[in-house]
>>> print(open('target_6.cif').read())   # mmCIF, N, CA and C atoms
data_input
#
loop_
_atom_site.label_atom_id
_atom_site.label_comp_id
_atom_site.auth_asym_id
_atom_site.auth_seq_id
_atom_site.Cartn_x
_atom_site.Cartn_y
_atom_site.Cartn_z
N MET M 1 -31.25 67.97 56.37
CA MET M 1 -29.82 67.96 56.10
C MET M 1 -29.06 68.31 57.37
N GLN M 2 -28.02 67.56 57.64
CA GLN M 2 -27.25 67.73 58.85
C GLN M 2 -26.11 68.73 58.60
N THR M 3 -25.97 69.70 59.51
CA THR M 3 -24.90 70.67 59.35
C THR M 3 -23.62 70.12 59.96
N ALA M 4 -22.50 70.45 59.35
CA ALA M 4 -21.20 69.98 59.83
C ALA M 4 -20.82 70.75 61.09
N ASN M 5 -20.25 70.04 62.03
CA ASN M 5 -19.76 70.65 63.25
C ASN M 5 -18.43 71.34 62.93
N PRO M 6 -18.35 72.66 63.08
CA PRO M 6 -17.11 73.37 62.71
C PRO M 6 -15.92 72.91 63.56
N TRP M 7 -16.16 72.52 64.80
CA TRP M 7 -15.06 72.08 65.66
C TRP M 7 -14.46 70.78 65.11
N ASN M 8 -15.31 69.85 64.68
CA ASN M 8 -14.81 68.59 64.12
C ASN M 8 -14.04 68.84 62.83
N SER M 9 -14.51 69.75 62.00
CA SER M 9 -13.81 70.08 60.75
C SER M 9 -12.45 70.69 61.06
N TYR M 10 -12.41 71.60 62.00
CA TYR M 10 -11.15 72.24 62.40
C TYR M 10 -10.17 71.20 62.92
N ARG M 11 -10.66 70.31 63.78
CA ARG M 11 -9.79 69.29 64.38
C ARG M 11 -9.26 68.34 63.31
N ARG M 12 -10.09 67.95 62.37
CA ARG M 12 -9.67 67.04 61.30
C ARG M 12 -8.60 67.71 60.44
N ILE M 13 -8.83 68.96 60.05
CA ILE M 13 -7.86 69.67 59.20
C ILE M 13 -6.55 69.90 59.95
N THR M 14 -6.64 70.24 61.23
CA THR M 14 -5.44 70.45 62.03
C THR M 14 -4.62 69.17 62.10
N THR M 15 -5.28 68.05 62.29
CA THR M 15 -4.58 66.77 62.38
C THR M 15 -3.94 66.40 61.05
N LEU M 16 -4.64 66.65 59.96
CA LEU M 16 -4.13 66.29 58.65
C LEU M 16 -2.96 67.17 58.20
N THR M 17 -2.90 68.40 58.68
CA THR M 17 -1.87 69.32 58.22
C THR M 17 -0.74 69.54 59.23
N ALA M 18 -0.85 68.99 60.41
CA ALA M 18 0.17 69.20 61.44
C ALA M 18 1.43 68.40 61.13
N PRO M 19 2.60 68.95 61.49
CA PRO M 19 3.84 68.18 61.33
C PRO M 19 3.85 67.01 62.33
N PRO M 20 4.64 65.97 62.06
CA PRO M 20 4.64 64.79 62.92
C PRO M 20 4.90 65.08 64.40
N GLY M 21 5.82 65.98 64.68
CA GLY M 21 6.10 66.31 66.08
C GLY M 21 4.89 66.89 66.79
N GLN M 22 4.14 67.71 66.08
CA GLN M 22 2.93 68.32 66.65
C GLN M 22 1.85 67.27 66.86
N ILE M 23 1.78 66.28 65.98
CA ILE M 23 0.79 65.21 66.13
C ILE M 23 1.07 64.41 67.39
N ILE M 24 2.34 64.14 67.67
CA ILE M 24 2.70 63.42 68.91
C ILE M 24 2.25 64.23 70.11
N LEU M 25 2.47 65.53 70.08
CA LEU M 25 2.03 66.39 71.19
C LEU M 25 0.51 66.32 71.34
N MET M 26 -0.21 66.34 70.23
CA MET M 26 -1.68 66.25 70.29
C MET M 26 -2.11 64.90 70.86
N LEU M 27 -1.37 63.83 70.55
CA LEU M 27 -1.71 62.52 71.11
C LEU M 27 -1.50 62.52 72.62
N TYR M 28 -0.38 63.09 73.08
CA TYR M 28 -0.16 63.18 74.54
C TYR M 28 -1.31 63.95 75.20
N GLU M 29 -1.69 65.07 74.60
CA GLU M 29 -2.76 65.88 75.18
C GLU M 29 -4.09 65.14 75.18
N GLY M 30 -4.36 64.38 74.13
CA GLY M 30 -5.58 63.58 74.09
C GLY M 30 -5.59 62.49 75.15
N ALA M 31 -4.45 61.85 75.35
CA ALA M 31 -4.36 60.82 76.40
C ALA M 31 -4.60 61.45 77.77
N LEU M 32 -4.01 62.61 78.00
CA LEU M 32 -4.20 63.30 79.29
C LEU M 32 -5.68 63.66 79.51
N ARG M 33 -6.33 64.16 78.48
CA ARG M 33 -7.76 64.50 78.59
C ARG M 33 -8.59 63.27 78.96
N SER M 34 -8.33 62.15 78.29
CA SER M 34 -9.08 60.93 78.56
C SER M 34 -8.83 60.43 79.98
N LEU M 35 -7.59 60.49 80.42
CA LEU M 35 -7.27 60.05 81.78
C LEU M 35 -7.96 60.94 82.81
N GLU M 36 -7.92 62.24 82.58
CA GLU M 36 -8.57 63.17 83.51
C GLU M 36 -10.08 62.96 83.54
N ARG M 37 -10.67 62.67 82.39
CA ARG M 37 -12.11 62.44 82.33
C ARG M 37 -12.52 61.14 83.01
N SER M 38 -11.60 60.19 83.13
CA SER M 38 -11.93 58.92 83.78
C SER M 38 -11.99 59.06 85.29
N LEU M 39 -11.24 59.98 85.86
CA LEU M 39 -11.11 60.07 87.33
C LEU M 39 -12.43 60.30 88.06
N PRO M 40 -13.31 61.18 87.59
CA PRO M 40 -14.58 61.35 88.32
C PRO M 40 -15.41 60.06 88.39
N GLY M 41 -15.20 59.16 87.44
CA GLY M 41 -15.95 57.91 87.43
C GLY M 41 -15.70 57.04 88.64
N PHE M 42 -14.55 57.19 89.26
CA PHE M 42 -14.21 56.38 90.42
C PHE M 42 -15.02 56.76 91.66
N SER M 43 -15.65 57.92 91.63
CA SER M 43 -16.44 58.35 92.79
C SER M 43 -17.95 58.41 92.49
N ILE M 44 -18.36 57.94 91.33
CA ILE M 44 -19.79 57.92 90.98
C ILE M 44 -20.44 56.72 91.68
N ALA M 45 -21.57 56.99 92.33
CA ALA M 45 -22.26 55.93 93.09
C ALA M 45 -22.94 54.90 92.19
N ASP M 46 -23.51 55.34 91.07
CA ASP M 46 -24.20 54.43 90.16
C ASP M 46 -23.17 53.56 89.43
N PRO M 47 -23.20 52.23 89.67
CA PRO M 47 -22.19 51.36 89.06
C PRO M 47 -22.17 51.40 87.53
N GLY M 48 -23.32 51.49 86.90
CA GLY M 48 -23.37 51.54 85.44
C GLY M 48 -22.71 52.78 84.89
N GLU M 49 -23.04 53.92 85.48
CA GLU M 49 -22.46 55.18 85.02
C GLU M 49 -20.97 55.23 85.34
N ALA M 50 -20.60 54.74 86.53
CA ALA M 50 -19.19 54.72 86.92
C ALA M 50 -18.38 53.86 85.95
N ASN M 51 -18.87 52.66 85.68
CA ASN M 51 -18.16 51.76 84.77
C ASN M 51 -18.04 52.36 83.38
N MET M 52 -19.10 52.99 82.90
CA MET M 52 -19.09 53.58 81.57
C MET M 52 -18.07 54.73 81.51
N THR M 53 -18.07 55.59 82.51
CA THR M 53 -17.15 56.73 82.54
C THR M 53 -15.70 56.25 82.60
N ILE M 54 -15.45 55.31 83.49
CA ILE M 54 -14.08 54.81 83.64
C ILE M 54 -13.65 54.05 82.39
N HIS M 55 -14.44 53.08 82.01
CA HIS M 55 -14.05 52.20 80.90
C HIS M 55 -13.87 52.95 79.59
N ASN M 56 -14.83 53.76 79.21
CA ASN M 56 -14.75 54.46 77.92
C ASN M 56 -13.53 55.37 77.84
N ASN M 57 -13.27 56.11 78.91
CA ASN M 57 -12.14 57.04 78.88
C ASN M 57 -10.79 56.32 78.97
N LEU M 58 -10.72 55.25 79.75
CA LEU M 58 -9.47 54.50 79.82
C LEU M 58 -9.20 53.76 78.51
N GLN M 59 -10.25 53.26 77.87
CA GLN M 59 -10.07 52.62 76.57
C GLN M 59 -9.51 53.62 75.56
N ARG M 60 -10.04 54.82 75.57
CA ARG M 60 -9.56 55.87 74.65
C ARG M 60 -8.10 56.19 74.94
N ALA M 61 -7.74 56.32 76.21
CA ALA M 61 -6.35 56.61 76.57
C ALA M 61 -5.44 55.46 76.12
N GLN M 62 -5.89 54.22 76.28
CA GLN M 62 -5.09 53.08 75.86
C GLN M 62 -4.92 53.06 74.34
N GLU M 63 -5.96 53.43 73.61
CA GLU M 63 -5.84 53.50 72.15
C GLU M 63 -4.81 54.54 71.73
N ILE M 64 -4.80 55.66 72.41
CA ILE M 64 -3.83 56.72 72.10
C ILE M 64 -2.43 56.25 72.43
N ILE M 65 -2.25 55.61 73.57
CA ILE M 65 -0.93 55.10 73.96
C ILE M 65 -0.46 54.05 72.95
N HIS M 66 -1.39 53.25 72.46
CA HIS M 66 -1.05 52.27 71.43
C HIS M 66 -0.57 52.98 70.16
N GLU M 67 -1.22 54.06 69.78
CA GLU M 67 -0.79 54.84 68.61
C GLU M 67 0.61 55.43 68.82
N LEU M 68 0.86 55.95 70.03
CA LEU M 68 2.19 56.47 70.34
C LEU M 68 3.23 55.37 70.22
N ASN M 69 2.89 54.18 70.71
CA ASN M 69 3.79 53.04 70.66
C ASN M 69 4.07 52.65 69.21
N CYS M 70 3.04 52.62 68.38
CA CYS M 70 3.21 52.26 66.96
C CYS M 70 4.00 53.31 66.19
N ALA M 71 3.97 54.54 66.64
CA ALA M 71 4.67 55.62 65.95
C ALA M 71 6.17 55.61 66.20
N LEU M 72 6.63 54.81 67.15
CA LEU M 72 8.06 54.77 67.47
C LEU M 72 8.84 54.18 66.30
N ASN M 73 9.94 54.82 65.97
CA ASN M 73 10.86 54.31 64.95
C ASN M 73 11.98 53.61 65.70
N MET M 74 11.89 52.29 65.79
CA MET M 74 12.84 51.52 66.59
C MET M 74 14.25 51.53 65.98
N GLU M 75 14.35 51.68 64.68
CA GLU M 75 15.67 51.70 64.04
C GLU M 75 16.40 53.00 64.31
N GLN M 76 15.72 54.12 64.09
CA GLN M 76 16.37 55.41 64.28
C GLN M 76 16.37 55.85 65.74
N GLY M 77 15.38 55.39 66.52
CA GLY M 77 15.25 55.83 67.90
C GLY M 77 16.18 55.17 68.88
N GLY M 78 16.73 54.01 68.50
CA GLY M 78 17.69 53.33 69.35
C GLY M 78 17.16 53.02 70.75
N GLU M 79 18.01 53.25 71.73
CA GLU M 79 17.68 52.94 73.13
C GLU M 79 16.53 53.81 73.64
N PHE M 80 16.46 55.05 73.16
CA PHE M 80 15.37 55.93 73.59
C PHE M 80 14.01 55.36 73.17
N ALA M 81 13.92 54.90 71.93
CA ALA M 81 12.67 54.31 71.44
C ALA M 81 12.34 53.04 72.21
N SER M 82 13.35 52.24 72.52
CA SER M 82 13.13 51.01 73.29
C SER M 82 12.60 51.33 74.68
N THR M 83 13.15 52.35 75.29
CA THR M 83 12.70 52.76 76.62
C THR M 83 11.26 53.25 76.57
N LEU M 84 10.94 54.07 75.58
CA LEU M 84 9.56 54.54 75.44
C LEU M 84 8.60 53.39 75.19
N ARG M 85 9.01 52.41 74.38
CA ARG M 85 8.15 51.26 74.11
C ARG M 85 7.83 50.53 75.41
N ARG M 86 8.85 50.29 76.24
CA ARG M 86 8.62 49.62 77.53
C ARG M 86 7.72 50.46 78.43
N LEU M 87 7.93 51.76 78.40
CA LEU M 87 7.11 52.66 79.21
C LEU M 87 5.65 52.64 78.75
N TYR M 88 5.42 52.71 77.45
CA TYR M 88 4.05 52.65 76.93
C TYR M 88 3.39 51.32 77.26
N ASP M 89 4.15 50.22 77.20
CA ASP M 89 3.60 48.90 77.58
C ASP M 89 3.22 48.89 79.06
N TYR M 90 4.05 49.52 79.88
CA TYR M 90 3.76 49.61 81.31
C TYR M 90 2.49 50.44 81.54
N PHE M 91 2.37 51.57 80.84
CA PHE M 91 1.17 52.40 80.96
C PHE M 91 -0.08 51.59 80.61
N ASP M 92 0.00 50.83 79.55
CA ASP M 92 -1.13 50.03 79.12
C ASP M 92 -1.53 49.03 80.21
N ARG M 93 -0.55 48.36 80.79
CA ARG M 93 -0.84 47.40 81.87
C ARG M 93 -1.49 48.08 83.06
N ARG M 94 -0.95 49.22 83.46
CA ARG M 94 -1.49 49.94 84.63
C ARG M 94 -2.92 50.39 84.39
N LEU M 95 -3.20 50.87 83.19
CA LEU M 95 -4.56 51.32 82.87
C LEU M 95 -5.52 50.14 82.80
N ARG M 96 -5.05 49.03 82.26
CA ARG M 96 -5.89 47.83 82.21
C ARG M 96 -6.24 47.37 83.62
N GLU M 97 -5.25 47.37 84.52
CA GLU M 97 -5.49 46.99 85.92
C GLU M 97 -6.48 47.94 86.59
N SER M 98 -6.29 49.23 86.37
CA SER M 98 -7.20 50.21 86.97
C SER M 98 -8.61 50.04 86.46
N ASN M 99 -8.75 49.71 85.19
CA ASN M 99 -10.06 49.52 84.60
C ASN M 99 -10.73 48.26 85.17
N LEU M 100 -9.98 47.19 85.28
CA LEU M 100 -10.54 45.94 85.80
C LEU M 100 -10.90 46.03 87.28
N LYS M 101 -10.02 46.64 88.07
CA LYS M 101 -10.23 46.71 89.52
C LYS M 101 -11.04 47.94 89.94
N LYS M 102 -11.24 48.86 89.01
CA LYS M 102 -11.93 50.12 89.27
C LYS M 102 -11.26 50.87 90.43
N GLU M 103 -9.93 50.97 90.32
CA GLU M 103 -9.12 51.71 91.29
C GLU M 103 -8.33 52.79 90.54
N PRO M 104 -8.33 54.02 91.05
CA PRO M 104 -7.70 55.13 90.32
C PRO M 104 -6.18 55.22 90.44
N THR M 105 -5.56 54.37 91.24
CA THR M 105 -4.12 54.49 91.49
C THR M 105 -3.29 54.46 90.21
N GLY M 106 -3.54 53.48 89.36
CA GLY M 106 -2.78 53.37 88.11
C GLY M 106 -3.04 54.53 87.17
N VAL M 107 -4.27 55.02 87.15
CA VAL M 107 -4.61 56.15 86.29
C VAL M 107 -3.82 57.38 86.73
N LYS M 108 -3.78 57.63 88.02
CA LYS M 108 -3.05 58.80 88.53
C LYS M 108 -1.55 58.68 88.24
N GLU M 109 -1.02 57.47 88.35
CA GLU M 109 0.40 57.26 88.06
C GLU M 109 0.70 57.54 86.59
N VAL M 110 -0.10 56.98 85.70
CA VAL M 110 0.10 57.18 84.26
C VAL M 110 -0.11 58.65 83.90
N LEU M 111 -1.08 59.29 84.53
CA LEU M 111 -1.34 60.71 84.29
C LEU M 111 -0.11 61.54 84.62
N ARG M 112 0.55 61.25 85.74
CA ARG M 112 1.77 61.98 86.13
C ARG M 112 2.88 61.78 85.09
N HIS M 113 3.07 60.54 84.68
CA HIS M 113 4.16 60.24 83.73
C HIS M 113 3.91 60.84 82.35
N ILE M 114 2.68 60.75 81.88
CA ILE M 114 2.39 61.31 80.55
C ILE M 114 2.47 62.83 80.58
N THR M 115 2.13 63.44 81.70
CA THR M 115 2.28 64.89 81.83
C THR M 115 3.74 65.29 81.66
N VAL M 116 4.64 64.53 82.28
CA VAL M 116 6.08 64.81 82.15
C VAL M 116 6.52 64.63 80.70
N LEU M 117 6.07 63.55 80.06
CA LEU M 117 6.43 63.31 78.66
C LEU M 117 5.89 64.42 77.75
N ARG M 118 4.64 64.81 77.98
CA ARG M 118 4.05 65.88 77.16
C ARG M 118 4.81 67.19 77.33
N ASP M 119 5.14 67.52 78.57
CA ASP M 119 5.87 68.77 78.82
C ASP M 119 7.25 68.74 78.17
N ALA M 120 7.93 67.59 78.28
CA ALA M 120 9.27 67.46 77.67
C ALA M 120 9.16 67.55 76.15
N TRP M 121 8.13 66.92 75.58
CA TRP M 121 7.95 66.95 74.13
C TRP M 121 7.65 68.37 73.66
N ALA M 122 6.80 69.09 74.39
CA ALA M 122 6.47 70.47 74.02
C ALA M 122 7.71 71.35 74.08
N THR M 123 8.54 71.17 75.10
CA THR M 123 9.78 71.94 75.23
C THR M 123 10.72 71.64 74.07
N MET M 124 10.82 70.35 73.72
CA MET M 124 11.69 69.96 72.62
C MET M 124 11.22 70.60 71.32
N LEU M 125 9.91 70.61 71.08
CA LEU M 125 9.39 71.23 69.86
C LEU M 125 9.67 72.72 69.83
N GLN M 126 9.53 73.39 70.97
CA GLN M 126 9.80 74.83 71.02
C GLN M 126 11.28 75.12 70.76
N ASN M 127 12.16 74.30 71.30
CA ASN M 127 13.60 74.51 71.13
C ASN M 127 14.08 74.09 69.75
N GLN M 128 13.36 73.18 69.12
CA GLN M 128 13.74 72.68 67.81
C GLN M 128 13.47 73.71 66.72
N ASN M 129 12.40 74.44 66.84
CA ASN M 129 12.00 75.40 65.82
C ASN M 129 11.82 76.80 66.42
N PRO M 130 12.90 77.38 66.94
CA PRO M 130 12.74 78.73 67.48
C PRO M 130 12.39 79.70 66.35
N LEU M 131 11.58 80.65 66.68
CA LEU M 131 11.20 81.65 65.68
C LEU M 131 12.41 82.49 65.33
N PRO M 132 12.70 82.67 64.05
CA PRO M 132 13.87 83.47 63.67
C PRO M 132 13.66 84.93 64.05
N ALA M 133 14.74 85.55 64.44
CA ALA M 133 14.68 86.97 64.78
C ALA M 133 14.40 87.77 63.52
N ALA M 134 13.68 88.83 63.68
CA ALA M 134 13.36 89.68 62.54
C ALA M 134 14.63 90.34 62.03
N VAL M 135 14.84 90.26 60.74
CA VAL M 135 16.02 90.86 60.14
C VAL M 135 15.57 92.12 59.42
N PRO M 136 16.03 93.29 59.90
CA PRO M 136 15.61 94.52 59.22
C PRO M 136 16.22 94.60 57.83
N LEU M 137 15.45 95.09 56.91
CA LEU M 137 15.92 95.24 55.54
C LEU M 137 16.58 96.60 55.39
N ALA M 138 17.72 96.59 54.72
CA ALA M 138 18.42 97.84 54.45
C ALA M 138 17.72 98.55 53.29
N PRO M 139 17.83 99.86 53.21
CA PRO M 139 17.19 100.58 52.11
C PRO M 139 17.62 100.07 50.74
N ALA M 140 18.84 99.53 50.60
CA ALA M 140 19.31 99.03 49.31
C ALA M 140 18.53 97.80 48.86
N ASP M 141 17.88 97.11 49.82
CA ASP M 141 17.10 95.91 49.48
C ASP M 141 15.82 96.29 48.73
N PHE M 142 15.46 97.53 48.75
CA PHE M 142 14.24 97.97 48.07
C PHE M 142 14.63 98.65 46.76
N ALA M 143 15.01 97.87 45.79
CA ALA M 143 15.44 98.41 44.51
C ALA M 143 14.24 98.93 43.73
N VAL M 144 14.43 100.01 43.09
CA VAL M 144 13.37 100.59 42.27
C VAL M 144 13.58 100.13 40.83
N ALA M 145 12.54 99.66 40.21
CA ALA M 145 12.68 99.14 38.85
C ALA M 145 12.71 100.22 37.83
#
>>> encode(input="target_6.cif", output="structure tokens")
Amino acid sequence: MQTANPWNSYRRITTLTAPPGQIILMLYEGALRSLERSLPGFSIADPGEANMTIHNNLQRAQEIIHELNCALNMEQGGEFASTLRRLYDYFDRRLRESNLKKEPTGVKEVLRHITVLRDAWATMLQNQNPLPAAVPLAPADFAVA
């Protein structure tokens, strides 16, 4: 009998219960991880291992960017959503070029841009839901029955 990996269970539950804004942040972080994992592949001497490292991680990053693109609400997002859609399309092209040519330039460019987007999104989430200040209860709030 195979035992369940607790990390996979935690990750699945976190994804299923997270609010939409948090899921977008997790997608940005996942894309960044995949892009960072692809970079060492550009300096691996063994062509098979290099191609596998680069290709697999860039494919994963492209899948995540595709999910981000599909999550855009073009009706409510207006010009901002349109700009993000064009940006995500550009990221996809740059990563495809880097994967085909096995050159890290496009990966590093997309990594910089997604880092900025992730940081801005994280800041927006923090400012959107600030923790309420603790309100002390007055003694009258503790009524005795």
>>> residues_around(input="target_6.cif", residues="Leu95 in chain M", least_positions_apart="6", cutoff="7 Å", atoms="all atoms listed in the file", output="list in words")
Leu58, Gly106 and Val107 of chain M
>>> write_last_selection(input="target_6.cif", atoms="N, CA and C atoms", output="PDB file, in the frame of the given file")
ATOM      1  N   LEU M  58     -10.720  55.250  79.750  1.00  0.00           N
ATOM      2  CA  LEU M  58      -9.470  54.500  79.820  1.00  0.00           C
ATOM      3  C   LEU M  58      -9.200  53.760  78.510  1.00  0.00           C
ATOM      4  N   GLY M 106      -3.540  53.480  89.360  1.00  0.00           N
ATOM      5  CA  GLY M 106      -2.780  53.370  88.110  1.00  0.00           C
ATOM      6  C   GLY M 106      -3.040  54.530  87.170  1.00  0.00           C
ATOM      7  N   VAL M 107      -4.270  55.020  87.150  1.00  0.00           N
ATOM      8  CA  VAL M 107      -4.610  56.150  86.290  1.00  0.00           C
ATOM      9  C   VAL M 107      -3.820  57.380  86.730  1.00  0.00           C
TER      10      VAL M 107
END
>>> residues_around(input="target_6.cif", residues="Ser98 in chain M", least_positions_apart="5", cutoff="8 Å", atoms="all atoms listed in the file", output="list of chain:residue names")
M:Ile54, M:His55, M:Asp92, M:Arg93, M:Glu103, M:Pro104, M:Thr105, M:Gly106, M:Val107
>>> closest_residue(input="target_6.cif", among="M:Leu84, M:Phe91, M:Leu68, M:Arg112", to="Ile24 in chain M", atoms="all atoms listed in the file")
M:Leu68
>>> atom_distance(input="target_6.cif", atom1="CA of Leu72 in chain M", atom2="atom N of Leu87 in chain M")
11.3 Å
>>> atom_distance(input="target_6.cif", atom1="CA of Glu36 in chain M", atom2="CA of Ala81 in chain M")
26.0 Å
>>> atom_distance(input="target_6.cif", atom1="CA of Arg60 in chain M", atom2="CA of Arg33 in chain M")
9.7 Å
>>> closest_residue(input="target_6.cif", among="M:Arg86, M:Arg96, M:Arg37, M:Lys108", to="Glu63 in chain M", atoms="only C-alpha atoms")
M:Arg96
>>> select_by_dssp(input="target_6.cif", residues="range 15-137 of chain M", states="helix (DSSP H, G or I)", output="VMD selection string")
chain M and resid 15 to 17 20 to 43 47 to 70 74 to 101 105 to 128
>>> closest_residue(input="target_6.cif", among="M:Leu125, M:Val116, M:Ile44, M:Ala50", to="Pro20 in chain M", atoms="only C-alpha atoms")
M:Leu125
>>> closest_residue(input="target_6.cif", among="M:Glu79, M:Met52, M:Gln126, M:Ile65", to="Tyr28 in chain M", atoms="only N, CA and C atoms")
M:Ile65
>>> resolve_selection(input="target_6.cif", expression="the PyMOL selection byres (((chain M and resi 122 and name CA) around 10) and name CA)", output="list in words")
Gly21, Gln22, Ile24, Leu25, Met26, Tyr28, Val116, Leu117, Arg118, Asp119, Ala120, Trp121, Thr123, Met124, Leu125, Gln126, Asn127 and Gln128 of chain M
>>> closest_residue(input="target_6.cif", among="M:Ser38, M:Glu75, M:Leu27, M:His66", to="Thr53 in chain M", atoms="all atoms listed in the file")
M:Ser38
>>> closest_residue(input="target_6.cif", among="M:Leu111, M:Ser34, M:Ala4, M:Gly77", to="Asn56 in chain M", atoms="all atoms listed in the file")
M:Ser34
